[in-house]
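This report concerns only the one structure given below.
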Amino acid sequence: MTEHCCEMMRSNVENICDMHPDRFDCPDCLIDYSEDSYGLIIHDGGHSVITISYCPWCATKLPNGLD
């Protein structure tokens with residue numbers, strides 16, 4: 001199990017929606033975490049994300065998979 005930088009990040013990364021089987025379809029899912037990088041989910045019908053370098057809640061520097 002991965003430890004995230006703060007409770008808000010953990011809550012958002014682990015959010016599971018009963019109405020949407022795919023997290024990318026759920027407007028309440030904001031953050032995607034995969035392969036040691038975090039990204040803001042782009043809700044455009046696909047699986048796009050914008051990689052982020054800092055937590056939007058606690059400002060901790062995040063791994064971005066490029067380090």
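Just remember, in the structure tokens the first chain shown is A, the second B, etc., residues are 1-based per chain, and ligands are 1-based in the order shown.
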
**Request:** Compile the contact shell of Met8 (chain A) as a ChimeraX atom specification: residues with an atom at most 9 Å away, counting only C-alpha atoms, same-chain residues fewer than 5 positions apart removed.
**Result:** /A:13,57-58

With C-alpha atoms kept, could you save the residues just selected as a CSV table (one decimal), in the first residue's frame?
```
chain,number,residue,atom,x,y,z
A,13,VAL,CA,-6.6,8.8,-4.9
A,57,TRP,CA,-3.7,20.4,-0.5
A,58,CYS,CA,-0.5,20.3,1.5
```

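Backbone DSSP assigns alpha helix (DSSP H) in chain A to Glu7, Met8, Met9, Arg10, Ser11, Asn12 and Val13 of chain A.
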
**Request:** Based on DSSP run over this structure's backbone, return all residues of region 4-59 of chain A in strand (DSSP E or B), as an NGL selection string.
**Result:** :A and (31-34 or 37-41 or 49-52 or 54)

**Prompt:** Hey, what's within 10 Å of region 14-24 of chain A if we count only C-alpha atoms and toss same-chain stuff fewer than 5 positions away? As a list in words, please?
**Reply:** Met8, Met9, Cys29, Leu30, Ile31, Asp32, Tyr33, Ile41, Ile42, His43, Asp44, Gly45, Gly46, His47, Ser48 and Val49 of chain A

Could the residues in this selection be saved with C-alpha atoms as a short mmCIF file (atom, residue, chain, number, x, y, z; two decimals), in the first residue's frame?
```
data_model
loop_
_atom_site.label_atom_id
_atom_site.label_comp_id
_atom_site.auth_asym_id
_atom_site.auth_seq_id
_atom_site.Cartn_x
_atom_site.Cartn_y
_atom_site.Cartn_z
CA MET A 8 -6.81 14.68 1.38
CA MET A 9 -4.50 13.19 -1.27
CA CYS A 29 -12.50 11.67 -8.84
CA LEU A 30 -9.91 14.42 -9.18
CA ILE A 31 -6.49 12.77 -8.84
CA ASP A 32 -4.98 9.74 -10.54
CA TYR A 33 -1.95 7.93 -9.10
CA ILE A 41 -7.83 13.83 -14.22
CA ILE A 42 -9.05 15.57 -17.39
CA HIS A 43 -12.75 14.76 -17.63
CA ASP A 44 -13.02 14.75 -21.41
CA GLY A 45 -14.20 11.19 -21.96
CA GLY A 46 -10.70 9.69 -22.10
CA HIS A 47 -7.96 8.75 -19.65
CA SER A 48 -5.87 11.91 -19.83
CA VAL A 49 -4.14 13.49 -16.83
#
```

**Message:** Set the distance at 12 Å and use only C-alpha atoms: which residues neighbour Tyr38 (chain A) once local chain neighbours fewer than 6 positions away are removed? I'd like the list as a list in words.
**Reply:** His4, Cys5, Met9, Arg10, Asn12, Val13, Leu30, Ile31, Asp32, Ser48, Val49, Ile50, Thr51, Ile52, Ser53, Tyr54, Cys55, Pro56, Thr60, Lys61, Leu62, Pro63, Asn64, Gly65 and Leu66 of chain A

Go ahead and save the picked residues with N, CA and C atoms, as a PDB file, in the first residue's frame.
```
ATOM      1  N   HIS A   4       0.499   8.228   0.932  1.00  0.00           N
ATOM      2  CA  HIS A   4       0.393   9.504   0.231  1.00  0.00           C
ATOM      3  C   HIS A   4       0.744  10.625   1.199  1.00  0.00           C
ATOM      4  N   CYS A   5       0.977  11.802   0.675  1.00  0.00           N
ATOM      5  CA  CYS A   5       1.516  12.915   1.460  1.00  0.00           C
ATOM      6  C   CYS A   5       0.567  13.450   2.525  1.00  0.00           C
ATOM      7  N   MET A   9      -5.025  13.865  -0.081  1.00  0.00           N
ATOM      8  CA  MET A   9      -4.496  13.187  -1.270  1.00  0.00           C
ATOM      9  C   MET A   9      -4.897  11.716  -1.224  1.00  0.00           C
ATOM     10  N   ARG A  10      -4.718  11.059  -0.081  1.00  0.00           N
ATOM     11  CA  ARG A  10      -5.116   9.663   0.040  1.00  0.00           C
ATOM     12  C   ARG A  10      -6.592   9.489  -0.274  1.00  0.00           C
ATOM     13  N   ASN A  12      -8.565  11.325  -2.100  1.00  0.00           N
ATOM     14  CA  ASN A  12      -8.864  11.538  -3.510  1.00  0.00           C
ATOM     15  C   ASN A  12      -8.332  10.420  -4.394  1.00  0.00           C
ATOM     16  N   VAL A  13      -7.151   9.918  -4.111  1.00  0.00           N
ATOM     17  CA  VAL A  13      -6.571   8.841  -4.912  1.00  0.00           C
ATOM     18  C   VAL A  13      -7.352   7.541  -4.730  1.00  0.00           C
ATOM     19  N   LEU A  30     -10.725  13.297  -8.710  1.00  0.00           N
ATOM     20  CA  LEU A  30      -9.910  14.421  -9.177  1.00  0.00           C
ATOM     21  C   LEU A  30      -8.472  14.052  -9.497  1.00  0.00           C
ATOM     22  N   ILE A  31      -7.916  13.097  -8.747  1.00  0.00           N
ATOM     23  CA  ILE A  31      -6.493  12.770  -8.844  1.00  0.00           C
ATOM     24  C   ILE A  31      -6.311  11.316  -9.248  1.00  0.00           C
ATOM     25  N   ASP A  32      -5.374  11.091 -10.165  1.00  0.00           N
ATOM     26  CA  ASP A  32      -4.983   9.738 -10.543  1.00  0.00           C
ATOM     27  C   ASP A  32      -3.562   9.511 -10.046  1.00  0.00           C
ATOM     28  N   SER A  48      -6.954  10.937 -19.884  1.00  0.00           N
ATOM     29  CA  SER A  48      -5.867  11.911 -19.828  1.00  0.00           C
ATOM     30  C   SER A  48      -5.719  12.498 -18.434  1.00  0.00           C
ATOM     31  N   VAL A  49      -4.459  12.812 -18.085  1.00  0.00           N
ATOM     32  CA  VAL A  49      -4.141  13.493 -16.835  1.00  0.00           C
ATOM     33  C   VAL A  49      -3.096  14.560 -17.108  1.00  0.00           C
ATOM     34  N   ILE A  50      -3.047  15.549 -16.246  1.00  0.00           N
ATOM     35  CA  ILE A  50      -1.967  16.522 -16.240  1.00  0.00           C
ATOM     36  C   ILE A  50      -1.120  16.197 -15.022  1.00  0.00           C
ATOM     37  N   THR A  51       0.127  15.821 -15.252  1.00  0.00           N
ATOM     38  CA  THR A  51       1.022  15.468 -14.157  1.00  0.00           C
ATOM     39  C   THR A  51       1.246  16.685 -13.269  1.00  0.00           C
ATOM     40  N   ILE A  52       1.184  16.453 -11.961  1.00  0.00           N
ATOM     41  CA  ILE A  52       1.409  17.533 -11.007  1.00  0.00           C
ATOM     42  C   ILE A  52       2.660  17.236 -10.190  1.00  0.00           C
ATOM     43  N   SER A  53       3.346  18.289  -9.786  1.00  0.00           N
ATOM     44  CA  SER A  53       4.590  18.154  -9.032  1.00  0.00           C
ATOM     45  C   SER A  53       4.413  18.394  -7.544  1.00  0.00           C
ATOM     46  N   TYR A  54       3.320  19.054  -7.166  1.00  0.00           N
ATOM     47  CA  TYR A  54       3.070  19.378  -5.758  1.00  0.00           C
ATOM     48  C   TYR A  54       1.632  19.039  -5.407  1.00  0.00           C
ATOM     49  N   CYS A  55       1.438  18.609  -4.185  1.00  0.00           N
ATOM     50  CA  CYS A  55       0.095  18.297  -3.702  1.00  0.00           C
ATOM     51  C   CYS A  55      -0.736  19.578  -3.663  1.00  0.00           C
ATOM     52  N   PRO A  56      -1.941  19.557  -4.208  1.00  0.00           N
ATOM     53  CA  PRO A  56      -2.797  20.755  -4.186  1.00  0.00           C
ATOM     54  C   PRO A  56      -3.329  21.093  -2.796  1.00  0.00           C
ATOM     55  N   THR A  60       3.227  19.433  -0.601  1.00  0.00           N
ATOM     56  CA  THR A  60       4.380  18.536  -0.575  1.00  0.00           C
ATOM     57  C   THR A  60       4.831  18.238  -2.004  1.00  0.00           C
ATOM     58  N   LYS A  61       6.141  18.227  -2.245  1.00  0.00           N
ATOM     59  CA  LYS A  61       6.656  17.851  -3.564  1.00  0.00           C
ATOM     60  C   LYS A  61       6.336  16.381  -3.802  1.00  0.00           C
ATOM     61  N   LEU A  62       5.810  16.073  -4.971  1.00  0.00           N
ATOM     62  CA  LEU A  62       5.379  14.727  -5.314  1.00  0.00           C
ATOM     63  C   LEU A  62       6.354  14.094  -6.294  1.00  0.00           C
ATOM     64  N   PRO A  63       6.470  12.761  -6.260  1.00  0.00           N
ATOM     65  CA  PRO A  63       7.255  12.098  -7.309  1.00  0.00           C
ATOM     66  C   PRO A  63       6.493  12.228  -8.622  1.00  0.00           C
ATOM     67  N   ASN A  64       7.203  12.453  -9.706  1.00  0.00           N
ATOM     68  CA  ASN A  64       6.496  12.577 -10.987  1.00  0.00           C
ATOM     69  C   ASN A  64       6.896  11.514 -11.998  1.00  0.00           C
ATOM     70  N   GLY A  65       7.632  10.500 -11.554  1.00  0.00           N
ATOM     71  CA  GLY A  65       8.007   9.418 -12.440  1.00  0.00           C
ATOM     72  C   GLY A  65       9.158   9.783 -13.358  1.00  0.00           C
ATOM     73  N   LEU A  66       9.554  11.037 -13.396  1.00  0.00           N
ATOM     74  CA  LEU A  66      10.646  11.487 -14.249  1.00  0.00           C
ATOM     75  C   LEU A  66      11.926  11.712 -13.481  1.00  0.00           C
TER      76      LEU A  66
END
```
